[in-house]
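I have placed the structure first, in the form of structure tokens, so that the comments after it can refer back to it.
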Amino acid sequence: MAKILVVTSGKGGVGKTTTSAAIGTGLALRGHKTVIVDFDVGLRNLDLIMGCERRVVYDFVNVVNGEANLQQALIKDKRLENLYVLAASQTRDKDALTKEGVEKVLMELKETFEYVVCDSPAGIETGAHLAMYFADEAIVVTNPEVSSVRDSDRMLGLLASKSRRAELGEEPIKEHLLLTRYNPERVSKGEMLGVEDVKEILAVTLLGVIPESQAVLKASNQGVPVILDDQSDAGQAYGDAVDRLLGKTVEHRFLDAQKKGFFERLFGGN
Amino acid sequence: MNIFDFFRANKKVSTASVAKERLQIIVAHERGQRSTPDYLPALQKELVEVIRKYVNIESDQVQVALENQGSCSILELNITLPDR
Ligand SMILES: Nc1ncnc2c1ncn2[C@@H]1O[C@H](COP(=O)(O)OP(=O)(O)OP(=O)(O)O)[C@@H](O)[C@H]1O
Ligand SMILES: [Mg+2]
């Protein structure tokens with residue numbers, strides 16, 4: 001049974017697109033036919049993170065409007081056999097996507113793909129609502145920071161009340177918390193909310209903790225989803241998260257500060 | 001952390017624990033509001049009308065709020081009467 005997965009957050013800039021690219025690629029790496037759909041109308045960026053920006057001919061809105069069919073609009077990944085991207089439109093018309101249009105496209109995607117990963121725009125307005133409305137599971141991306149945690153809680157409220165599953169009285173959307181840009185050093189100094197704090201406040205099962213990592217910028221510079229950098233901390237943390245999403249039990253890593261040498265601590269190695 | 005921070009550490013409550021406390025309060029409050037039933041405004045209006053039969057009050061002098069506390073909810077009524 002195909003699954004629709006939304007990557008959402010409320011707050012902007014917390015790592016939704018980075019996560020959509022990583023998780024989608026990770027699912028494909030593990031043999032699942034996957035499409036990542038950019039819902040950020042007007043602010044298309046998933047194509048850049050995936051490294052396929054020069055191959056966008058038709059987009060999501062073209063398909064909704066019948067100006068292109070899905071086969072024409074789907075961009076096949078150059079690295080992985082079973083990975084595709086559907087780009088967002090760059091139109092400034094905020095109402096370019098309708099519920100009916102989105103439903104039609106998602107249902108068609110469900111026929112060929114095992115996973116449909118929806119990269120939500122920021123906010124809680126129309127775009128974000130459309131991205132989550134048809135979801136079966138949701139990855140709520142949160143940074144260990146007050147406004148992000150509060151917005152995630154609002155988004156959890158919307159997932160539970162304003163989704164299709166909620167409106168039809170079906171089994172609720174399965175919610176996962178993904179804590180990103182985590183800095184164990186600062187947590188250990190009491191400068192940053194820790195993973196246990198955020199878990200306690202939001203009361204959602206933890207899918208993973210992605211450390212703040214230089215590998216993310218490096219990967220986005222090159223248009224390579226960071227999960228493909230399997231030597232990096234962030235890449236490995238995303239890999240673990242994908243395994244957990246698929247039902248494996250994997251211990252959490254990268255939660256503790258690196259132990260510094262005595263002199264480093266004494267003279268400030270950071 | 002440098003040599004001076006060694007002596008300053010743990011003197012104050014960490015900012016992270018302040019953040020946690022503030023979040024717990026605001027999140028609990030907002031969750032309560034989210035689950036506010038939509039009959040509250042109507043209830044408030046009718047209460048104002050009933051009280052006006054006896055005392056002349058402004059409509060904002062009756063405040064109605066629903067607080068969720070674990071398994072039960074508390075309907076909080078706050079009625080301020082004009083100065084005598
Ligand atoms: N784990 C991380 N470590 C370091 N930088 C990160 C990490 N995750 C994301 N970033 C950086 O944060 C910025 C925002 O990331 P991203 O575009 O994925 O967020 P977003 O939630 O999709 O934003 P928007 O709300 O605008 O769509 C990017 O510059 C990205 O490189
Ligand atoms: Mg984004």
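All residue names refer to the structure tokens as shown: chains lettered A, B, ... in order, residues numbered from 1 in each chain, ligands numbered from 1 in order.
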* chain B: residues DSSP assigns to alpha helix (DSSP H), reported as an MDAnalysis selection string -> chainID B and resid 3:8 15:34 40:52
Any chance you could export the current selection's C-alpha atoms as a CSV table (one decimal), in the first residue's frame?
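Listing of again-v4.csv after writing:
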```
chain,number,residue,atom,x,y,z
B,3,ILE,CA,39.4,28.7,32.4
B,4,PHE,CA,37.2,31.5,33.7
B,5,ASP,CA,33.9,29.7,32.7
B,6,PHE,CA,35.0,26.9,34.9
B,7,PHE,CA,34.3,29.0,38.0
B,8,ARG,CA,31.2,30.7,36.6
B,15,THR,CA,18.8,29.3,29.6
B,16,ALA,CA,17.6,25.9,28.2
B,17,SER,CA,15.7,25.2,31.4
B,18,VAL,CA,14.1,28.6,31.2
B,19,ALA,CA,13.1,27.9,27.6
B,20,LYS,CA,11.6,24.5,28.6
B,21,GLU,CA,9.5,26.0,31.4
B,22,ARG,CA,8.2,28.8,29.2
B,23,LEU,CA,7.4,26.3,26.4
B,24,GLN,CA,5.5,24.0,28.8
B,25,ILE,CA,3.3,26.8,29.9
B,26,ILE,CA,2.5,28.3,26.5
B,27,VAL,CA,2.0,24.9,24.9
B,28,ALA,CA,-0.4,23.8,27.6
B,29,HIS,CA,-2.3,27.0,27.3
B,30,GLU,CA,-2.5,26.8,23.5
B,31,ARG,CA,-3.6,23.2,23.6
B,32,GLY,CA,-6.4,24.2,25.9
B,33,GLN,CA,-7.6,26.9,23.6
B,34,ARG,CA,-7.4,24.6,20.6
B,40,LEU,CA,-18.3,29.1,24.6
B,41,PRO,CA,-19.1,32.5,22.9
B,42,ALA,CA,-22.8,31.8,22.9
B,43,LEU,CA,-22.7,30.7,26.5
B,44,GLN,CA,-20.9,33.8,27.5
B,45,LYS,CA,-23.5,36.0,25.7
B,46,GLU,CA,-26.4,34.3,27.4
B,47,LEU,CA,-24.7,34.5,30.8
B,48,VAL,CA,-24.4,38.3,30.3
B,49,GLU,CA,-28.1,38.5,29.5
B,50,VAL,CA,-29.1,36.6,32.6
B,51,ILE,CA,-26.9,38.7,34.9
B,52,ARG,CA,-28.2,41.9,33.3
```
* Let me have all residues with an atom within 7 Å of ligand 1, counting only C-alpha atoms and all ligand atoms, laid out as a ChimeraX atom specification. => /A:11-19,40,121-122,180-182,210-214,216-217,220,234
With N, CA and C atoms kept, could you save the residues just selected as a compact mmCIF listing (two decimals), in the first residue's frame?
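The file below, out-v3.txt, is the result:
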```txt
# COMPACT_ATOMS: atom_id res chain seq x y z
N LYS A 11 7.13 26.50 11.38
CA LYS A 11 8.19 27.50 11.24
C LYS A 11 9.05 27.26 9.98
N GLY A 12 9.51 28.36 9.40
CA GLY A 12 10.32 28.26 8.19
C GLY A 12 11.80 28.03 8.49
N GLY A 13 12.48 27.51 7.52
CA GLY A 13 13.93 27.39 7.59
C GLY A 13 14.48 26.40 8.60
N VAL A 14 13.67 25.44 9.03
CA VAL A 14 14.14 24.51 10.06
C VAL A 14 14.78 23.25 9.46
N GLY A 15 14.61 23.04 8.15
CA GLY A 15 15.23 21.86 7.54
C GLY A 15 14.26 20.91 6.85
N LYS A 16 13.09 21.39 6.47
CA LYS A 16 12.11 20.52 5.80
C LYS A 16 12.61 20.01 4.45
N THR A 17 13.14 20.93 3.63
CA THR A 17 13.57 20.52 2.30
C THR A 17 14.79 19.61 2.38
N THR A 18 15.73 19.95 3.27
CA THR A 18 16.89 19.08 3.51
C THR A 18 16.42 17.69 3.90
N THR A 19 15.40 17.64 4.77
CA THR A 19 14.88 16.36 5.27
C THR A 19 14.12 15.61 4.19
N ASP A 40 6.16 23.82 -2.27
CA ASP A 40 6.46 25.23 -1.97
C ASP A 40 6.29 26.08 -3.24
N PRO A 121 5.63 23.75 2.39
CA PRO A 121 6.13 25.11 2.62
C PRO A 121 5.98 25.46 4.10
N ALA A 122 6.63 26.55 4.52
CA ALA A 122 6.49 26.99 5.91
C ALA A 122 5.09 27.55 6.13
N THR A 180 16.19 18.55 14.35
CA THR A 180 17.34 18.81 13.48
C THR A 180 18.13 20.01 13.97
N ARG A 181 19.33 20.15 13.42
CA ARG A 181 20.27 21.22 13.80
C ARG A 181 20.59 21.15 15.28
N TYR A 182 20.75 19.93 15.76
CA TYR A 182 21.00 19.67 17.17
C TYR A 182 22.48 19.86 17.47
N ILE A 210 19.05 14.95 14.10
CA ILE A 210 20.06 15.26 13.10
C ILE A 210 20.94 16.37 13.66
N PRO A 211 22.24 16.10 13.80
CA PRO A 211 23.09 17.13 14.38
C PRO A 211 23.28 18.32 13.45
N GLU A 212 23.53 19.47 14.01
CA GLU A 212 23.98 20.63 13.23
C GLU A 212 25.27 20.19 12.57
N SER A 213 25.35 20.31 11.25
CA SER A 213 26.49 19.71 10.58
C SER A 213 26.92 20.50 9.35
N GLN A 214 28.24 20.59 9.20
CA GLN A 214 28.78 21.28 8.03
C GLN A 214 28.50 20.50 6.77
N VAL A 216 25.77 19.42 5.72
CA VAL A 216 24.51 19.81 5.07
C VAL A 216 24.73 20.89 4.03
N LEU A 217 25.48 21.92 4.39
CA LEU A 217 25.77 22.99 3.43
C LEU A 217 26.62 22.47 2.27
N SER A 220 24.35 20.60 -0.02
CA SER A 220 23.42 21.44 -0.79
C SER A 220 24.19 22.25 -1.83
N ALA A 234 25.50 13.93 9.78
CA ALA A 234 24.11 14.18 9.38
C ALA A 234 23.61 13.10 8.43
```
* Structure fact -> Restricting to only C-alpha atoms, whichever of A:Thr25, A:Asn82, A:Ser148, A:Ser9 is closest to chain B is A:Ser148
* Asked: Do you know which residues are at most 6 Å from Ser120 in chain A counting only C-alpha atoms, after dropping those on the same chain fewer than 4 positions away, and could you put them as an MDAnalysis selection string?
  -> chainID A and resid 7:8 39 128 131
Resulting file, chosen residues, N, CA, C and O atoms, as an mmCIF file, in the first residue's frame:
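Wrote result19.cif, looks like this:
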```cif
data_model
loop_
_atom_site.group_PDB
_atom_site.id
_atom_site.type_symbol
_atom_site.label_atom_id
_atom_site.label_comp_id
_atom_site.auth_asym_id
_atom_site.auth_seq_id
_atom_site.Cartn_x
_atom_site.Cartn_y
_atom_site.Cartn_z
ATOM 1 N N VAL A 7 6.452 16.203 5.126
ATOM 2 C CA VAL A 7 7.524 16.759 5.952
ATOM 3 C C VAL A 7 7.133 18.206 6.228
ATOM 4 O O VAL A 7 7.077 19.027 5.318
ATOM 5 N N THR A 8 6.814 18.502 7.475
ATOM 6 C CA THR A 8 6.204 19.788 7.795
ATOM 7 C C THR A 8 6.786 20.347 9.095
ATOM 8 O O THR A 8 7.547 19.673 9.774
ATOM 9 N N PHE A 39 5.942 21.159 -2.568
ATOM 10 C CA PHE A 39 4.682 21.901 -2.433
ATOM 11 C C PHE A 39 4.920 23.395 -2.241
ATOM 12 O O PHE A 39 3.975 24.135 -2.021
ATOM 13 N N ALA A 128 0.746 24.868 3.186
ATOM 14 C CA ALA A 128 1.106 23.871 4.196
ATOM 15 C C ALA A 128 -0.076 22.931 4.449
ATOM 16 O O ALA A 128 0.098 21.728 4.666
ATOM 17 N N ALA A 131 -0.279 20.398 1.653
ATOM 18 C CA ALA A 131 0.805 19.419 1.718
ATOM 19 C C ALA A 131 0.497 18.322 2.729
ATOM 20 O O ALA A 131 0.865 17.169 2.543
#
```
* To do: Within range 22-247 of chain A, find each residue whose DSSP state, derived from the backbone, is strand (DSSP E), and express the selection as a count of residues only.
  => 37
* Hey, which of A:Val63, A:Ile36, A:Leu27, A:Leu156 ends up closest to chain B? Count only C-alpha atoms. ->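 Using only C-alpha atoms, chain B sits closest to A:Leu156.
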* Who sits within 9 Å of Leu48 in chain A, only C-alpha atoms, same chain under 3 positions skipped, as a PyMOL selection string -> chain A and resi 44-45+51-54+220-224
Residues from the last selection, N, CA, C and O atoms, saved as a compact mmCIF listing (two decimals), in the first residue's frame:
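The result, written out as selection-v2.txt:
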```txt
# COMPACT_ATOMS: atom_id res chain seq x y z
N ARG A 44 10.32 27.32 -5.26
CA ARG A 44 10.86 26.01 -5.59
C ARG A 44 12.32 25.91 -5.14
O ARG A 44 13.13 26.77 -5.43
N ASN A 45 12.67 24.89 -4.42
CA ASN A 45 14.05 24.70 -3.96
C ASN A 45 14.49 23.25 -3.88
O ASN A 45 15.68 22.96 -3.89
N GLY A 51 19.69 18.48 -6.92
CA GLY A 51 20.63 18.60 -8.03
C GLY A 51 20.01 18.36 -9.40
O GLY A 51 20.69 17.94 -10.33
N CYS A 52 18.70 18.63 -9.55
CA CYS A 52 18.07 18.41 -10.85
C CYS A 52 17.44 19.69 -11.39
O CYS A 52 16.55 19.65 -12.23
N GLU A 53 17.93 20.84 -10.91
CA GLU A 53 17.29 22.12 -11.26
C GLU A 53 17.29 22.43 -12.75
O GLU A 53 16.43 23.14 -13.24
N ARG A 54 18.27 21.90 -13.46
CA ARG A 54 18.34 22.23 -14.89
C ARG A 54 17.50 21.30 -15.75
O ARG A 54 17.43 21.46 -16.96
N SER A 220 24.35 20.60 -0.02
CA SER A 220 23.42 21.44 -0.79
C SER A 220 24.19 22.25 -1.83
O SER A 220 23.68 22.51 -2.92
N ASN A 221 25.41 22.64 -1.54
CA ASN A 221 26.24 23.32 -2.54
C ASN A 221 26.34 22.49 -3.81
O ASN A 221 26.35 23.01 -4.92
N GLN A 222 26.42 21.18 -3.64
CA GLN A 222 26.67 20.29 -4.77
C GLN A 222 25.41 19.65 -5.35
O GLN A 222 25.49 18.90 -6.32
N GLY A 223 24.27 19.92 -4.71
CA GLY A 223 23.03 19.30 -5.19
C GLY A 223 22.99 17.80 -4.94
O GLY A 223 22.44 17.04 -5.73
N VAL A 224 23.56 17.40 -3.81
CA VAL A 224 23.56 15.98 -3.43
C VAL A 224 22.84 15.86 -2.09
O VAL A 224 23.25 16.49 -1.12
```
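Here CA of Val195 in chain A stands at a distance of 26.0 Å from CA of Ser161 in chain A.
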* Just the residues within 9 Å of Asp256 in chain A, please, counting only C-alpha atoms, with nothing from its chain fewer than 4 positions along; format it as a ChimeraX atom specification. => /A:183-185,187-188
Those selected residues, please, written with C-alpha atoms and delivered as a JSON list (two decimals), in the first residue's frame.
```
[["chain", "number", "residue", "atom", "x", "y", "z"],
["A", 183, "ASN", "CA", 24.14, 20.85, 18.91],
["A", 184, "PRO", "CA", 25.08, 18.43, 21.74],
["A", 185, "GLU", "CA", 27.80, 20.80, 22.98],
["A", 187, "VAL", "CA", 22.86, 21.20, 25.11],
["A", 188, "SER", "CA", 25.45, 19.98, 27.59]]
```
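The environment of Asp83 in chain B within 12 Å, counting only C-alpha atoms and disregarding residues fewer than 6 places along the same chain, consists of Val55, Asn56 and Ile57 of chain B.
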Would you put the residues from that selection into a file with N, CA and C atoms, as a JSON list (two decimals), in the first residue's frame?
```
[["chain", "number", "residue", "atom", "x", "y", "z"],
["B", 55, "VAL", "N", -28.20, 42.88, 37.56],
["B", 55, "VAL", "CA", -27.15, 43.89, 37.71],
["B", 55, "VAL", "C", -26.81, 44.42, 36.32],
["B", 56, "ASN", "N", -26.55, 45.71, 36.23],
["B", 56, "ASN", "CA", -26.19, 46.26, 34.92],
["B", 56, "ASN", "C", -24.68, 46.09, 34.69],
["B", 57, "ILE", "N", -24.31, 45.21, 33.77],
["B", 57, "ILE", "CA", -22.89, 44.98, 33.51],
["B", 57, "ILE", "C", -22.58, 45.12, 32.02]]
```
* Given the choices A:Gly169, A:Gly42, A:Gly239, A:Gly190, which gets closest to chain B if the distance is worked out from only C-alpha atoms? ->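 Using only C-alpha atoms, the shortest distance to chain B belongs to A:Gly190.
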* Write out as a list in words each polymer residue whose atoms come within 8 Å of Lys104 in chain A, counting only C-alpha atoms; drop sequence neighbours fewer than 4 positions from it. =>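 So the residues in contact are Val64, Glu100 and Glu108 of chain A.
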* To do: Enter the distance from CA of Ser20 in chain A to CA of Glu191 in chain A, in Å, rounded to one decimal.
  =>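 Between CA of Ser20 in chain A and CA of Glu191 in chain A the gap works out to 28.1 Å.
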* How many Å lie between CA of Leu177 in chain A and CA of Thr142 in chain A, rounded to one decimal? -> 7.2 Å
* Of the candidates B:Ser14, B:Val62, B:Lys53, B:Ile79, which one gets nearest to chain A if we count only C-alpha atoms? ->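 Closest residue, counting only C-alpha atoms: B:Ser14.
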